[in-house]
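Structure file query.cif with mmCIF, C-alpha atoms:
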```cif
data_protein
#
loop_
_atom_site.label_atom_id
_atom_site.label_comp_id
_atom_site.auth_asym_id
_atom_site.auth_seq_id
_atom_site.Cartn_x
_atom_site.Cartn_y
_atom_site.Cartn_z
CA MET A 1 -20.76 102.58 88.22
CA LYS A 2 -17.54 104.51 87.92
CA VAL A 3 -17.58 107.87 89.69
CA ILE A 4 -15.22 110.64 88.59
CA PHE A 5 -14.78 113.55 90.98
CA THR A 6 -13.85 117.11 90.09
CA SER A 7 -13.44 119.80 92.74
CA LYS A 8 -13.41 123.57 92.33
CA ASN A 9 -12.50 125.63 95.39
CA PHE A 10 -13.53 122.62 97.46
CA ASN A 11 -11.62 119.94 99.35
CA ALA A 12 -13.67 116.74 99.41
CA SER A 13 -12.94 114.37 102.28
CA ASP A 14 -12.62 110.64 101.73
CA HIS A 15 -15.80 110.16 103.78
CA LEU A 16 -17.72 112.51 101.47
CA LYS A 17 -16.41 110.74 98.36
CA ASP A 18 -17.34 107.35 99.81
CA THR A 19 -20.84 108.62 100.67
CA ILE A 20 -21.35 109.99 97.15
CA GLU A 21 -20.07 106.79 95.52
CA LYS A 22 -22.42 104.72 97.69
CA LYS A 23 -25.50 106.86 96.99
CA ILE A 24 -24.83 107.41 93.27
CA GLY A 25 -23.92 103.72 93.01
CA LYS A 26 -27.51 102.81 93.91
CA LEU A 27 -28.55 104.26 90.54
CA SER A 28 -26.33 101.77 88.70
CA LYS A 29 -29.08 99.14 88.96
CA TYR A 30 -30.93 101.12 86.27
CA PHE A 31 -28.20 100.59 83.68
CA ALA A 32 -27.21 97.46 81.78
CA LYS A 33 -23.50 98.12 81.72
CA ASP A 34 -20.99 100.03 83.75
CA ILE A 35 -21.40 103.75 83.11
CA VAL A 36 -19.64 106.86 84.33
CA ALA A 37 -21.04 109.45 86.71
CA ASN A 38 -19.21 112.79 86.65
CA ILE A 39 -19.46 114.59 89.98
CA THR A 40 -18.38 118.20 90.42
CA LEU A 41 -18.07 119.65 93.91
CA SER A 42 -17.54 123.36 94.35
CA MET A 43 -17.97 126.31 96.65
CA GLU A 44 -20.19 129.18 95.45
CA ARG A 45 -20.75 132.28 97.54
CA GLY A 46 -19.98 130.39 100.72
CA ARG A 47 -22.40 127.56 99.89
CA GLN A 48 -21.51 124.06 98.75
CA LYS A 49 -22.59 122.85 95.32
CA MET A 50 -22.80 119.36 93.87
CA GLU A 51 -23.42 118.61 90.20
CA ALA A 52 -23.90 115.09 88.83
CA THR A 53 -24.01 114.07 85.17
CA ILE A 54 -24.62 110.54 83.93
CA ASN A 55 -24.30 109.87 80.20
CA ALA A 56 -26.02 106.62 79.22
CA ASP A 57 -25.11 106.37 75.55
CA GLY A 58 -26.60 109.66 74.46
CA THR A 59 -29.23 110.06 77.16
CA ILE A 60 -27.92 112.52 79.71
CA PHE A 61 -29.21 112.65 83.27
CA ARG A 62 -28.09 115.76 85.18
CA ALA A 63 -28.90 117.31 88.54
CA GLU A 64 -27.34 119.90 90.81
CA ASP A 65 -27.97 121.41 94.22
CA ILE A 66 -26.48 124.26 96.23
CA ASN A 67 -26.78 123.93 99.99
CA ASP A 68 -25.10 124.89 103.24
CA ASP A 69 -24.62 121.17 103.93
CA ILE A 70 -22.98 119.14 101.17
CA TYR A 71 -24.52 115.89 102.44
CA THR A 72 -28.00 117.38 102.01
CA ALA A 73 -27.01 118.41 98.49
CA VAL A 74 -25.89 114.83 97.76
CA ASP A 75 -29.26 113.44 98.87
CA LYS A 76 -31.19 115.98 96.77
CA VAL A 77 -29.10 115.33 93.66
CA VAL A 78 -29.54 111.55 93.90
CA ASP A 79 -33.30 111.99 94.47
CA ARG A 80 -33.55 114.28 91.40
CA LEU A 81 -31.68 111.81 89.20
CA ALA A 82 -33.93 108.95 90.30
CA SER A 83 -36.98 111.16 89.77
CA GLN A 84 -35.83 112.06 86.23
CA MET A 85 -35.49 108.39 85.39
CA SER A 86 -38.97 107.64 86.71
CA ARG A 87 -40.70 110.66 85.14
CA PHE A 88 -39.31 110.05 81.68
CA LYS A 89 -39.36 106.24 81.76
CA THR A 90 -42.05 105.82 79.08
CA LYS A 91 -40.51 108.35 76.71
CA LEU A 92 -37.05 106.86 77.16
CA GLN A 93 -38.46 103.39 76.50
CA ARG A 94 -39.87 104.59 73.18
CA LYS A 95 -36.55 106.19 72.25
CA HIS A 96 -34.49 103.14 73.24
CA LYS A 97 -36.99 100.38 72.43
CA ASP A 98 -34.40 98.08 70.83
CA TYR A 99 -31.54 99.23 72.99
CA LYS A 100 -30.63 97.58 76.27
CA GLU A 101 -28.48 100.32 77.86
CA ILE A 102 -31.12 101.34 80.40
CA LEU A 103 -32.87 98.61 82.39
CA PHE A 104 -36.39 100.01 82.33
CA GLU A 105 -37.91 97.18 84.33
CA ASP A 106 -35.86 98.37 87.32
CA VAL A 107 -36.88 102.03 86.97
CA PRO A 108 -39.91 102.66 89.19
CA ASP A 109 -43.10 103.91 87.57
CA VAL A 110 -44.28 107.39 88.39
CA ALA A 111 -47.89 107.94 89.49
CA GLU A 112 -48.79 110.20 86.58
CA GLU A 113 -46.89 110.84 83.39
CA GLU A 114 -45.85 114.39 82.69
CA ASP A 115 -47.34 116.01 79.58
CA LEU A 116 -44.47 117.18 77.41
CA SER A 117 -46.53 118.47 74.51
CA ILE A 118 -45.56 121.70 72.80
CA VAL A 119 -48.07 124.46 73.59
CA ARG A 120 -46.54 127.21 71.49
CA ARG A 121 -44.38 127.26 68.41
CA LYS A 122 -42.38 130.20 67.04
CA LYS A 123 -40.36 130.62 63.88
CA PHE A 124 -37.80 133.35 63.39
CA ALA A 125 -34.90 134.13 61.12
CA LEU A 126 -31.47 133.66 62.63
CA GLN A 127 -29.51 136.88 62.61
CA PRO A 128 -25.71 136.75 62.32
CA MET A 129 -24.20 138.59 65.28
CA SER A 130 -21.43 138.43 67.84
CA THR A 131 -21.89 136.88 71.26
CA ASP A 132 -21.92 140.34 72.88
CA GLU A 133 -24.66 141.51 70.50
CA ALA A 134 -26.70 138.38 71.30
CA ILE A 135 -26.41 139.04 75.05
CA LEU A 136 -27.53 142.62 74.51
CA GLN A 137 -30.49 141.46 72.41
CA MET A 138 -31.45 138.90 75.09
CA GLU A 139 -31.36 141.59 77.77
CA LEU A 140 -33.42 143.98 75.63
CA LEU A 141 -36.06 141.29 75.13
CA GLU A 142 -35.89 140.38 78.85
CA HIS A 143 -35.52 136.68 77.98
CA SER A 144 -33.41 134.11 79.78
CA PHE A 145 -31.87 132.81 76.52
CA TYR A 146 -31.37 133.90 72.92
CA VAL A 147 -30.73 131.83 69.77
CA PHE A 148 -28.54 133.40 67.08
CA LEU A 149 -26.14 132.72 64.23
CA ASN A 150 -22.65 133.32 65.60
CA SER A 151 -20.91 135.58 63.07
CA GLU A 152 -17.51 134.42 64.34
CA THR A 153 -18.11 130.67 63.86
CA ASP A 154 -21.02 130.61 61.35
CA ALA A 155 -22.81 128.16 63.66
CA VAL A 156 -26.10 128.32 65.53
CA ALA A 157 -25.53 129.27 69.17
CA VAL A 158 -27.49 130.10 72.31
CA VAL A 159 -26.61 132.59 75.03
CA TYR A 160 -28.36 132.20 78.37
CA LYS A 161 -28.47 133.68 81.87
CA ARG A 162 -26.89 131.50 84.51
CA ASN A 163 -28.18 131.16 88.06
CA ASP A 164 -24.99 132.79 89.35
CA GLY A 165 -25.79 135.98 87.39
CA GLY A 166 -23.29 135.35 84.60
CA TYR A 167 -23.91 134.27 81.02
CA GLY A 168 -23.43 130.95 79.27
CA LEU A 169 -22.89 130.11 75.62
CA LEU A 170 -24.05 126.90 73.93
CA GLU A 171 -22.30 126.30 70.62
CA THR A 172 -23.36 123.73 68.05
CA VAL A 173 -20.96 121.35 66.36
CA TYR A 174 -21.69 118.94 63.56
CA GLU A 175 -20.31 115.43 63.87
#
```
Since I need it in another form, could you write the structure as structure tokens?
Amino acid sequence: MKVIFTSKNFNASDHLKDTIEKKIGKLSKYFAKDIVANITLSMERGRQKMEATINADGTIFRAEDINDDIYTAVDKVVDRLASQMSRFKTKLQRKHKDYKEILFEDVPDVAEEEDLSIVRRKKFALQPMSTDEAILQMELLEHSFYVFLNSETDAVAVVYKRNDGGYGLLETVYE
């Protein structure tokens, strides 16, 4: 597994990088070919943050942790990634039944499968608006996200509240 490091306001030591490569590398046994793990290390409000994203041909595994000790964050992130693979093993097998990217026989089974059924469905008309108007609407509704038609790009978009108190914007693109 190839590991790509990105640092933001954080100086990663060689020992830390080696530790991350070793621990993330243990997950490579779940994949048929060499894949890339993108690791982002940063400092947020005096605490250390690690984010890991693994893209296995369209299936994205992602985990993050903020901790006072970066090595504890590394352990938690690796555990979460392994847990994701185990929890969603059956569903991923159905999705990739003829595809050999993920080696499902190596992914451990989880004791009980999570029920991912939809319990509520809503339909609503998309309203064209600016990003600022969408954030205002989200705040008025006291929701953590809001789907809208971006009047600037004519594309469906989502604004959401981030854990750091800021806002995020998800924009759709058609390929």
_I'd like the neighbourhood of A:Ala157 as an MDAnalysis selection string, where a residue qualifies if any of its atoms comes within 10 Å (using all atoms listed in the file), though same-chain residues fewer than 6 positions away should be ignored._
chainID A and resid 126 131 134 146:151 169:173
How would you write as number ranges by chain the residues that get within 9 Å of (-30.1, 135.0, 77.0) in the file's frame, counting all atoms listed in the file? A: 134-139, 141-147, 158-162, 167-169
Decode the PyMOL selection byres ((chain A and resi 44) around 10) for the given file into explicit residues and return them as a VMD selection string. chain A and resid 8 to 10 41 to 43 45 to 49 66 to 67 164
Kindly export the residues of the current selection with C-alpha atoms, as a CSV table (one decimal), keeping the file's coordinate frame.
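Below you can see again.csv, which holds the result:
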```csv
chain,number,residue,atom,x,y,z
A,8,LYS,CA,-13.4,123.6,92.3
A,9,ASN,CA,-12.5,125.6,95.4
A,10,PHE,CA,-13.5,122.6,97.5
A,41,LEU,CA,-18.1,119.6,93.9
A,42,SER,CA,-17.5,123.4,94.4
A,43,MET,CA,-18.0,126.3,96.6
A,45,ARG,CA,-20.8,132.3,97.5
A,46,GLY,CA,-20.0,130.4,100.7
A,47,ARG,CA,-22.4,127.6,99.9
A,48,GLN,CA,-21.5,124.1,98.8
A,49,LYS,CA,-22.6,122.8,95.3
A,66,ILE,CA,-26.5,124.3,96.2
A,67,ASN,CA,-26.8,123.9,100.0
A,164,ASP,CA,-25.0,132.8,89.4
```
The PyMOL selection byres ((chain A and resi 50-62) around 10) applied to the shown file, residues as a ChimeraX atom specification: /A:1,3-7,24,27,31-43,48-49,63-67,70-74,76-78,80-82,84-85,92,95-96,99,101-102
Counting all atoms listed in the file, the residue of A:Ala155, A:Ser117, A:Asp75, A:Glu175 that sits nearest A:Lys23
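Among the listed residues, A:Asp75 lies closest to A:Lys23.
If you look at atom CA of A:Asp132 and atom CA of A:Gly166, they are 12.8 Å away from each other.
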Atom CA of A:Gly165 sits from atom CA of A:Leu140 at a separation of 16.1 Å
